[in-house]
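Participant: For reference, this is input-v6.cif, and it has mmCIF, C-alpha atoms.
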```cif
data_my_file
loop_
_atom_site.label_atom_id
_atom_site.label_comp_id
_atom_site.auth_asym_id
_atom_site.auth_seq_id
_atom_site.Cartn_x
_atom_site.Cartn_y
_atom_site.Cartn_z
CA MET A 1444 5.74 19.39 -28.84
CA ILE A 1445 5.61 16.99 -25.90
CA LYS A 1446 8.80 14.93 -25.47
CA PHE A 1447 8.28 13.45 -21.99
CA ILE A 1448 5.18 12.20 -20.14
CA ALA A 1449 5.19 11.22 -16.47
CA ALA A 1450 2.13 9.61 -14.87
CA ASP A 1451 1.35 8.59 -11.32
CA MET A 1452 0.32 4.99 -10.77
CA ASP A 1453 -2.31 4.39 -8.05
CA GLY A 1454 -5.52 6.26 -8.82
CA THR A 1455 -4.06 7.36 -12.16
CA LEU A 1456 -2.55 4.73 -14.44
CA ILE A 1457 -4.30 1.81 -12.77
CA ASN A 1458 -8.03 1.57 -12.24
CA SER A 1459 -9.98 0.60 -9.12
CA ARG A 1460 -9.47 -3.09 -9.99
CA HIS A 1461 -5.69 -2.50 -10.02
CA GLU A 1462 -5.49 -3.04 -13.76
CA ILE A 1463 -3.93 -1.00 -16.55
CA SER A 1464 -6.57 -0.63 -19.25
CA ALA A 1465 -5.94 -1.73 -22.82
CA GLU A 1466 -6.41 1.90 -23.90
CA ASN A 1467 -3.75 3.14 -21.46
CA CYS A 1468 -1.30 0.45 -22.59
CA HIS A 1469 -1.97 1.20 -26.26
CA MET A 1470 -1.44 4.95 -25.85
CA ILE A 1471 1.77 4.54 -23.81
CA LYS A 1472 3.24 2.36 -26.54
CA LYS A 1473 2.01 4.72 -29.23
CA ALA A 1474 3.70 7.67 -27.52
CA GLN A 1475 6.94 5.70 -27.20
CA GLN A 1476 6.77 4.78 -30.90
CA GLN A 1477 6.75 8.53 -31.59
CA ASN A 1478 9.91 8.93 -29.47
CA ILE A 1479 8.09 10.41 -26.48
CA ARG A 1480 9.60 9.19 -23.22
CA PHE A 1481 7.14 7.79 -20.70
CA ALA A 1482 7.77 7.40 -16.97
CA ILE A 1483 5.69 6.03 -14.14
CA ALA A 1484 6.05 8.29 -11.09
CA THR A 1485 4.92 6.44 -7.98
CA GLY A 1486 5.31 6.12 -4.25
CA ARG A 1487 5.82 2.37 -4.65
CA LEU A 1488 9.02 0.34 -4.60
CA TYR A 1489 10.42 -0.59 -8.00
CA ASP A 1490 9.86 -4.32 -7.43
CA ASP A 1491 6.13 -3.67 -6.94
CA VAL A 1492 5.99 -1.61 -10.16
CA LYS A 1493 7.95 -4.19 -12.15
CA LEU A 1494 5.28 -6.83 -11.49
CA LEU A 1495 2.74 -4.69 -13.34
CA LEU A 1496 5.13 -3.72 -16.13
CA ASP A 1497 5.83 -7.37 -16.85
CA LYS A 1498 2.16 -8.29 -16.65
CA TYR A 1499 1.21 -5.73 -19.31
CA GLY A 1500 4.33 -5.93 -21.45
CA LEU A 1501 5.40 -2.36 -20.75
CA LYS A 1502 8.94 -1.00 -20.69
CA CYS A 1503 9.26 2.47 -19.27
CA GLU A 1504 11.25 4.65 -16.95
CA CYS A 1505 10.23 4.67 -13.30
CA ILE A 1506 10.40 7.34 -10.61
CA THR A 1507 9.82 5.39 -7.41
CA MET A 1508 9.28 6.05 -3.71
CA ASN A 1509 7.99 9.59 -4.43
CA GLY A 1510 11.20 10.61 -6.18
CA ALA A 1511 13.82 8.83 -4.07
CA GLU A 1512 14.96 6.57 -6.91
CA TYR A 1513 14.96 6.71 -10.69
CA PHE A 1514 15.16 3.62 -12.92
CA ASN A 1515 15.76 3.49 -16.66
CA THR A 1516 13.81 1.24 -19.03
CA THR A 1517 16.15 -1.70 -18.42
CA GLY A 1518 15.57 -1.57 -14.64
CA ASP A 1519 18.85 0.01 -13.59
CA CYS A 1520 18.71 2.48 -10.70
CA ILE A 1521 20.68 5.47 -11.95
CA ALA A 1522 19.78 8.06 -9.29
CA GLY A 1523 18.91 7.92 -5.61
CA ILE A 1524 18.18 10.40 -2.82
CA TYR A 1525 18.13 8.95 0.67
CA ILE A 1526 17.46 10.06 4.26
CA GLU A 1527 20.46 10.57 6.54
CA LYS A 1528 20.60 7.89 9.24
CA GLU A 1529 20.50 10.38 12.13
CA LYS A 1530 17.40 12.00 10.67
CA ALA A 1531 15.90 8.58 9.95
CA HIS A 1532 16.28 7.69 13.62
CA LYS A 1533 14.43 10.88 14.62
CA ILE A 1534 11.62 10.19 12.16
CA PHE A 1535 11.29 6.60 13.35
CA SER A 1536 11.16 7.68 17.00
CA MET A 1537 8.43 10.24 16.33
CA MET A 1538 6.35 7.74 14.36
CA GLN A 1539 6.83 5.03 16.96
CA GLN A 1540 5.67 7.32 19.80
CA THR A 1541 2.14 7.41 18.38
CA LYS A 1542 1.80 3.61 18.84
CA LYS A 1543 -1.05 3.80 16.32
CA PHE A 1544 0.59 3.14 12.98
CA ALA A 1545 2.59 0.25 11.58
CA ILE A 1546 5.79 1.76 10.20
CA GLU A 1547 7.12 0.64 6.83
CA ILE A 1548 10.62 1.66 5.75
CA TYR A 1549 11.36 1.63 2.02
CA THR A 1550 15.03 1.15 1.19
CA ASN A 1551 17.42 0.41 -1.66
CA LYS A 1552 17.22 -3.23 -0.55
CA GLY A 1553 13.48 -3.76 -0.21
CA CYS A 1554 10.87 -2.94 2.40
CA TYR A 1555 11.35 -3.31 6.16
CA THR A 1556 9.18 -2.89 9.24
CA SER A 1557 9.73 -2.85 12.98
CA SER A 1558 6.14 -3.97 13.48
CA THR A 1559 5.03 -7.56 13.96
CA LYS A 1560 3.50 -9.50 11.11
CA PHE A 1561 0.09 -9.14 12.76
CA GLN A 1562 0.47 -5.36 13.15
CA LEU A 1563 1.54 -5.05 9.54
CA PHE A 1564 -1.37 -7.18 8.37
CA CYS A 1565 -3.80 -4.90 10.25
CA SER A 1566 -2.17 -1.85 8.66
CA MET A 1567 -2.45 -3.38 5.21
CA ILE A 1568 -6.15 -4.00 5.81
CA LYS A 1569 -6.51 -0.22 6.19
CA ARG A 1570 -4.63 0.25 2.92
CA ALA A 1571 -6.69 -2.40 1.12
CA ARG A 1572 -9.93 -0.72 2.19
CA ILE A 1573 -8.77 2.31 0.19
CA TYR A 1574 -7.34 0.49 -2.82
CA HIS A 1575 -10.16 -2.09 -2.96
CA ALA A 1576 -13.19 -0.30 -1.56
CA ASN A 1577 -15.52 -2.78 -3.27
CA PHE A 1578 -13.93 -5.83 -1.59
CA SER A 1579 -15.61 -7.73 1.23
CA MET A 1580 -13.53 -8.40 4.34
CA LEU A 1581 -13.01 -12.01 3.21
CA GLN A 1582 -11.77 -10.81 -0.19
CA ILE A 1583 -9.37 -8.38 1.53
CA PHE A 1584 -7.96 -11.18 3.72
CA LEU A 1585 -7.41 -13.48 0.74
CA TYR A 1586 -5.88 -10.65 -1.30
CA LEU A 1587 -3.40 -9.74 1.45
CA LEU A 1588 -2.32 -13.34 2.05
CA ARG A 1589 -1.23 -13.47 -1.61
CA ASN A 1590 0.06 -9.90 -1.73
CA PRO A 1591 3.72 -9.78 -2.92
CA HIS A 1592 4.45 -6.65 -0.87
CA PHE A 1593 3.31 -8.35 2.32
CA ARG A 1594 5.11 -11.60 1.51
CA ARG A 1595 8.42 -9.85 0.71
CA MET A 1596 8.48 -7.73 3.87
CA HIS A 1597 11.63 -7.88 6.05
CA TYR A 1598 11.17 -7.65 9.83
CA ILE A 1599 13.57 -5.59 11.93
CA LYS A 1600 14.63 -7.13 15.23
CA ASP A 1601 16.87 -4.28 16.40
CA ILE A 1602 16.32 -0.81 14.95
CA ASP A 1603 19.79 0.39 16.02
CA VAL A 1604 21.48 -2.49 14.21
CA PHE A 1605 19.32 -1.82 11.17
CA LEU A 1606 20.18 1.90 11.10
CA ALA A 1607 23.88 1.12 11.52
CA SER A 1608 23.87 -1.13 8.44
CA ASP A 1609 24.72 -0.06 4.88
CA ILE A 1610 21.06 -0.11 3.86
CA LYS A 1611 19.95 3.25 2.42
CA ILE A 1612 16.59 4.55 3.65
CA ALA A 1613 14.46 6.24 1.02
CA LYS A 1614 11.02 6.59 2.57
CA PHE A 1615 8.85 6.02 5.63
CA ILE A 1616 5.18 5.23 5.08
CA SER A 1617 2.23 4.44 7.33
CA PHE A 1618 -1.54 4.08 7.04
CA GLY A 1619 -4.23 4.94 9.57
CA ASP A 1620 -8.01 4.92 9.59
CA ASN A 1621 -8.77 8.44 10.85
CA ALA A 1622 -8.20 11.31 8.40
CA ALA A 1623 -8.19 14.07 11.03
CA GLU A 1624 -5.76 12.17 13.23
CA MET A 1625 -3.41 11.52 10.32
CA SER A 1626 -3.61 15.14 9.18
CA ALA A 1627 -2.56 16.30 12.66
CA PHE A 1628 0.34 13.85 12.63
CA ARG A 1629 1.50 15.05 9.19
CA LYS A 1630 1.52 18.64 10.47
CA GLN A 1631 3.65 17.53 13.41
CA MET A 1632 6.14 15.80 11.10
CA GLU A 1633 6.31 18.82 8.80
CA LYS A 1634 8.12 20.68 11.60
CA VAL A 1635 11.15 18.41 11.15
CA ASP A 1636 13.79 20.10 8.99
CA GLY A 1637 15.04 18.46 5.83
CA ILE A 1638 12.15 16.12 5.09
CA ALA A 1639 9.29 16.14 2.60
CA VAL A 1640 5.93 15.02 4.00
CA SER A 1641 3.25 13.93 1.55
CA ALA A 1642 0.30 11.56 1.20
CA SER A 1643 -1.43 9.46 -1.42
CA PHE A 1644 -4.66 9.45 0.61
CA ALA A 1645 -6.18 11.35 3.52
CA THR A 1646 -5.36 8.50 5.88
CA ASN A 1647 -1.67 7.94 5.16
CA ILE A 1648 1.69 9.65 5.56
CA GLU A 1649 4.79 9.38 3.38
CA ILE A 1650 8.15 10.85 4.41
CA ASN A 1651 11.19 11.36 2.17
CA ASP A 1652 14.29 13.51 2.17
CA THR A 1653 13.33 17.06 1.24
CA ALA A 1654 15.15 16.72 -2.10
CA ALA A 1655 13.30 13.52 -3.00
CA THR A 1656 10.08 14.56 -4.68
CA LYS A 1657 8.51 13.47 -7.96
CA GLY A 1658 8.76 17.00 -9.31
CA ALA A 1659 12.41 17.50 -8.37
CA ILE A 1660 13.72 14.28 -9.89
CA LEU A 1661 11.60 14.72 -13.03
CA LYS A 1662 13.00 18.24 -13.42
CA SER A 1663 16.53 16.85 -13.13
CA ILE A 1664 15.84 14.10 -15.69
CA ALA A 1665 14.32 16.56 -18.17
CA LYS A 1666 17.17 19.05 -17.75
CA GLU A 1667 19.80 16.38 -18.33
CA ALA A 1668 18.02 15.33 -21.53
CA GLY A 1669 17.67 18.91 -22.76
CA ILE A 1670 13.88 18.76 -22.54
CA LYS A 1671 12.18 22.10 -21.88
CA ARG A 1672 9.55 22.71 -19.22
CA ASP A 1673 6.74 23.10 -21.77
CA GLU A 1674 7.74 19.83 -23.47
CA VAL A 1675 6.74 17.76 -20.43
CA MET A 1676 3.26 16.48 -19.56
CA VAL A 1677 2.47 15.24 -16.04
CA ILE A 1678 -0.60 13.25 -14.99
CA GLY A 1679 -1.75 12.57 -11.44
CA ASP A 1680 -4.47 12.47 -8.83
CA GLY A 1681 -2.99 12.70 -5.32
CA LEU A 1682 -1.17 15.02 -2.95
CA ASN A 1683 2.19 13.36 -3.65
CA ASP A 1684 1.82 14.45 -7.31
CA ILE A 1685 1.63 18.17 -6.54
CA THR A 1686 5.37 18.77 -6.97
CA MET A 1687 5.13 17.51 -10.58
CA PHE A 1688 2.30 19.94 -11.26
CA GLU A 1689 4.26 22.79 -9.70
CA GLU A 1690 7.38 22.06 -11.76
CA PHE A 1691 5.52 21.42 -15.02
CA PRO A 1692 2.29 23.48 -14.99
CA ASP A 1693 1.94 24.00 -18.76
CA HIS A 1694 0.67 20.52 -19.60
CA SER A 1695 -0.53 19.12 -16.28
CA ALA A 1696 -3.44 16.67 -16.43
CA GLY A 1697 -5.49 16.20 -13.29
CA MET A 1698 -7.43 12.95 -13.20
CA GLY A 1699 -11.21 13.10 -13.04
CA ASN A 1700 -10.94 11.37 -9.64
CA ALA A 1701 -8.14 13.68 -8.41
CA VAL A 1702 -8.19 15.47 -5.06
CA PRO A 1703 -9.40 19.12 -5.24
CA GLU A 1704 -5.85 20.45 -4.74
CA ILE A 1705 -4.71 18.74 -7.96
CA LYS A 1706 -7.72 19.80 -10.01
CA ARG A 1707 -7.25 23.37 -8.86
CA ILE A 1708 -3.70 23.67 -10.25
CA ALA A 1709 -4.01 21.35 -13.27
CA SER A 1710 -3.97 22.91 -16.74
CA PHE A 1711 -6.77 20.50 -17.70
CA VAL A 1712 -8.77 17.60 -16.25
CA THR A 1713 -8.83 14.26 -18.04
CA ASN A 1714 -11.06 11.20 -17.50
CA ASP A 1715 -10.94 9.33 -14.21
CA ASN A 1716 -8.80 6.24 -13.68
CA ASN A 1717 -11.70 3.89 -14.46
CA HIS A 1718 -12.11 5.49 -17.88
CA SER A 1719 -8.52 5.50 -19.17
CA GLY A 1720 -7.72 9.06 -18.13
CA VAL A 1721 -4.01 8.54 -18.84
CA GLY A 1722 -4.73 7.33 -22.37
CA THR A 1723 -6.98 10.33 -22.97
CA ALA A 1724 -4.27 12.72 -21.74
CA ILE A 1725 -1.65 11.05 -23.97
CA LYS A 1726 -3.93 11.52 -26.99
CA LYS A 1727 -3.94 15.23 -26.18
CA ALA A 1728 -0.13 15.18 -25.87
CA LEU A 1729 0.24 13.73 -29.35
CA THR A 1730 -1.53 16.76 -30.80
CA ILE A 1731 0.55 19.39 -28.99
#
```
Go ahead and express the file in the form of structure tokens.
Facilitator:
Amino acid sequence: MIKFIAADMDGTLINSRHEISAENCHMIKKAQQQNIRFAIATGRLYDDVKLLLDKYGLKCECITMNGAEYFNTTGDCIAGIYIEKEKAHKIFSMMQQTKKFAIEIYTNKGCYTSSTKFQLFCSMIKRARIYHANFSMLQIFLYLLRNPHFRRMHYIKDIDVFLASDIKIAKFISFGDNAAEMSAFRKQMEKVDGIAVSASFATNIEINDTAATKGAILKSIAKEAGIKRDEVMVIGDGLNDITMFEEFPDHSAGMGNAVPEIKRIASFVTNDNNHSGVGTAIKKALTI
């Protein structure tokens, strides 16, 4: 019997129009009505997730920033795994040396960048081309000007002052436009001890503390609740979901649009994100 379901967000729970389908919403609520816990496991900040939860009337647990923070259904952060400041300085220096990527720093107090507003805007164009592949350039510009993530960004004037503050650093993230170039950079960063390097797409990099992964925090949550490994279902599509699939292989649903690495280790493949793949997987969970 499934007692806990965790689903990725981008490319999984939300479709290519950045919407949560009525079927997905219905099945999440149906699972919760049957006392099955449901968590969103995402690389995003909690504030960005909360906007969607409120829009669709959902209340669920959230694993954010790839496993760096865990929020309960009332929005309280009850667990956090952060990067040591000395290591954060090393990561920042290595990323800055490339001079090719705008660096975003996700923290317990919002999102920060050492880049200029123009540099960040250019970086977010690269991101939007992935998330909204059907948008024209004009549509992308208008979307970004209204984008809450862009509008809430904090700009760092002095990185040393920032690192010396009491702000806790959970994750570094950057987007590029060349998959081979980004792959080479990820391999370079993987040589740094004590960090977990992942990606949502071929052209981005996400860096957390080595203990902060979706799989690790989900394992901890399940263990604390007395939920067994085979009582958990995980659903995802990207490289930053692999740790969930490794920790909970028995009922692991790869999205129809998932990367080959996910499909290869998934116990089954559900519909893609434009055809309510999460809802379809939850239906299967209710029969187990």
Participant: Could you name the residues that touch A:Asn1467 at 7 Å or less, counting all atoms listed in the file, but leaving out those on the same chain fewer than 2 positions away, as an MDAnalysis selection string?
Facilitator: chainID A and resid 1463:1465 1469:1471 1719 1721:1722
Participant: Pull C-alpha atoms from the residues just selected and write them as an mmCIF file, keeping the file's coordinate frame.
Facilitator:
```cif
data_model
loop_
_atom_site.group_PDB
_atom_site.id
_atom_site.type_symbol
_atom_site.label_atom_id
_atom_site.label_comp_id
_atom_site.auth_asym_id
_atom_site.auth_seq_id
_atom_site.Cartn_x
_atom_site.Cartn_y
_atom_site.Cartn_z
ATOM 1 C CA ILE A 1463 -3.930 -1.000 -16.550
ATOM 2 C CA SER A 1464 -6.570 -0.630 -19.250
ATOM 3 C CA ALA A 1465 -5.940 -1.730 -22.820
ATOM 4 C CA HIS A 1469 -1.970 1.200 -26.260
ATOM 5 C CA MET A 1470 -1.440 4.950 -25.850
ATOM 6 C CA ILE A 1471 1.770 4.540 -23.810
ATOM 7 C CA SER A 1719 -8.520 5.500 -19.170
ATOM 8 C CA VAL A 1721 -4.010 8.540 -18.840
ATOM 9 C CA GLY A 1722 -4.730 7.330 -22.370
#
```
Participant: Of the candidates A:Ile1548, A:Met1538, A:Leu1496, A:Ala1665, which shows the shortest atom-to-atom distance to A:Ala1613, using all atoms listed in the file?
Facilitator: A:Ile1548
Participant: Quick check, in Å to one decimal: how far apart do atom CA of A:Ile1678 and atom CA of A:Gln1475 lie?
Facilitator: 16.2 Å
Participant: Determine the residue set returned by the PyMOL selection byres ((chain A and resi 1656) around 8) for the present structure, and present it as a list in words.
Facilitator: Asn1509, Gly1510, Ala1511, Ala1639, Asn1651, Thr1653, Ala1654, Ala1655, Lys1657, Gly1658, Ala1659, Ile1660 and Thr1686 of chain A
Participant: Name every residue that the PyMOL selection byres ((chain A and resi 1691-1694) around 10) selects in this structure, writing the answer as JSON, numbers by chain with chains first and numbers rising.
Facilitator: {"A": [1445, 1448, 1658, 1661, 1662, 1671, 1672, 1673, 1674, 1675, 1676, 1677, 1678, 1685, 1686, 1687, 1688, 1689, 1690, 1695, 1696, 1697, 1708, 1709, 1710, 1711, 1724, 1727, 1728, 1731]}
Participant: Apply the PyMOL selection byres ((chain A and resi 1478-1483) around 6) to the displayed file and report the matching residues as a ChimeraX atom specification.
Facilitator: /A:1446-1451,1474-1477,1484,1503-1505
Participant: Distance atom CA of A:Val1635-atom CA of A:Ala1531, one decimal place?
Facilitator: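 Taking atom CA of A:Val1635 and atom CA of A:Ala1531, their separation equals 11.0 Å.
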Participant: Env of stretch 1533-1537 of chain A: 9 Å cut, atoms = all atoms listed in the file, seq-sep filter 4 positions within chain, self excluded. Answer as a list in words.
Facilitator: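 Those residues are Lys1528, Glu1529, Thr1541, Ile1546, Phe1615, Met1632, Val1635 and Ile1650 of chain A.
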Participant: Can you write out the residues you just picked, keeping C-alpha atoms, as a PDB file, keeping the file's coordinate frame?
Facilitator:
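As written to disk, result.pdb reads:
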```pdb
ATOM      1  CA  LYS A1528      20.600   7.890   9.240  1.00  0.00           C
ATOM      2  CA  GLU A1529      20.500  10.380  12.130  1.00  0.00           C
ATOM      3  CA  THR A1541       2.140   7.410  18.380  1.00  0.00           C
ATOM      4  CA  ILE A1546       5.790   1.760  10.200  1.00  0.00           C
ATOM      5  CA  PHE A1615       8.850   6.020   5.630  1.00  0.00           C
ATOM      6  CA  MET A1632       6.140  15.800  11.100  1.00  0.00           C
ATOM      7  CA  VAL A1635      11.150  18.410  11.150  1.00  0.00           C
ATOM      8  CA  ILE A1650       8.150  10.850   4.410  1.00  0.00           C
TER       9      ILE A1650
END
```
Participant: Please compute the atom CA of A:Pro1591-atom CA of A:Val1702 distance, one decimal, in Å.
Facilitator: 28.0 Å
Participant: Find the residues around A:Tyr1586 up to 12 Å (all atoms listed in the file counted), leave out those fewer than 2 positions away in its own chain, and share them as a ChimeraX atom specification.
Facilitator: /A:1461,1564,1567-1568,1570-1572,1574-1575,1578-1584,1588-1594
Participant: Taking 3 positions as the minimum chain separation for residues in the same chain, which residues sit within 12 Å of A:Ala1701 when counting only C-alpha atoms? Answer as a PyMOL selection string.
Facilitator: chain A and resi 1451+1453-1455+1643-1644+1678-1685+1696-1698+1704-1709+1711-1716+1720
Participant: Rank nothing, just name the residue among A:Cys1554, A:Ile1664, A:Ser1641, A:Ser1626 nearest to A:Asn1515, using all atoms listed in the file.
Facilitator: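 Of all the options, A:Ile1664 lies closest to A:Asn1515.
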Participant: Give the centre and edge lengths of an axis-aligned box, in Å to one decimal, that holds all listed atoms of stretch 1479-1498 of chain A with 8 Å on each side, as lines of an AutoDock Vina configuration file.
Facilitator:
```
center_x = 6.3
center_y = 1.1
center_z = -15.4
size_x = 24.3
size_y = 34.7
size_z = 38.2
```
Participant: At a cut-off of 10 Å, using only C-alpha atoms, what residues contact A:Gly1637? Leave out same-chain residues fewer than 3 positions from it and give the result as a PDB file with C-alpha atoms, keeping the file's coordinate frame.
Facilitator:
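Output below, filename part.pdb:
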```pdb
ATOM      1  CA  ILE A1526      17.460  10.060   4.260  1.00  0.00           C
ATOM      2  CA  GLU A1527      20.460  10.570   6.540  1.00  0.00           C
ATOM      3  CA  LYS A1530      17.400  12.000  10.670  1.00  0.00           C
ATOM      4  CA  GLU A1633       6.310  18.820   8.800  1.00  0.00           C
ATOM      5  CA  LYS A1634       8.120  20.680  11.600  1.00  0.00           C
ATOM      6  CA  VAL A1640       5.930  15.020   4.000  1.00  0.00           C
ATOM      7  CA  ASN A1651      11.190  11.360   2.170  1.00  0.00           C
ATOM      8  CA  ASP A1652      14.290  13.510   2.170  1.00  0.00           C
ATOM      9  CA  THR A1653      13.330  17.060   1.240  1.00  0.00           C
ATOM     10  CA  ALA A1654      15.150  16.720  -2.100  1.00  0.00           C
TER      11      ALA A1654
END
```
Participant: Determine the nearest neighbour of A:Leu1587 from the options A:Thr1723, A:Ile1573, A:Cys1565, A:Ile1602, counting all atoms listed in the file.
Facilitator: A:Cys1565
Participant: Of the candidates A:Tyr1513, A:Phe1605, A:Phe1618, A:Tyr1489, which one gets nearest to A:Phe1544 if we count all atoms listed in the file?
Facilitator: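 Closest candidate: A:Phe1618.
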Participant: Looking at only C-alpha atoms, which of A:Ile1725, A:Leu1501, A:Val1492, A:Lys1614 is the one that sits closest to A:Ile1524?
Facilitator: A:Lys1614
Participant: Between A:Val1604, A:Ala1522, A:Ile1616, A:Ala1642, which has the minimum distance to A:Ser1566 (counting only C-alpha atoms)?
Facilitator: A:Ile1616
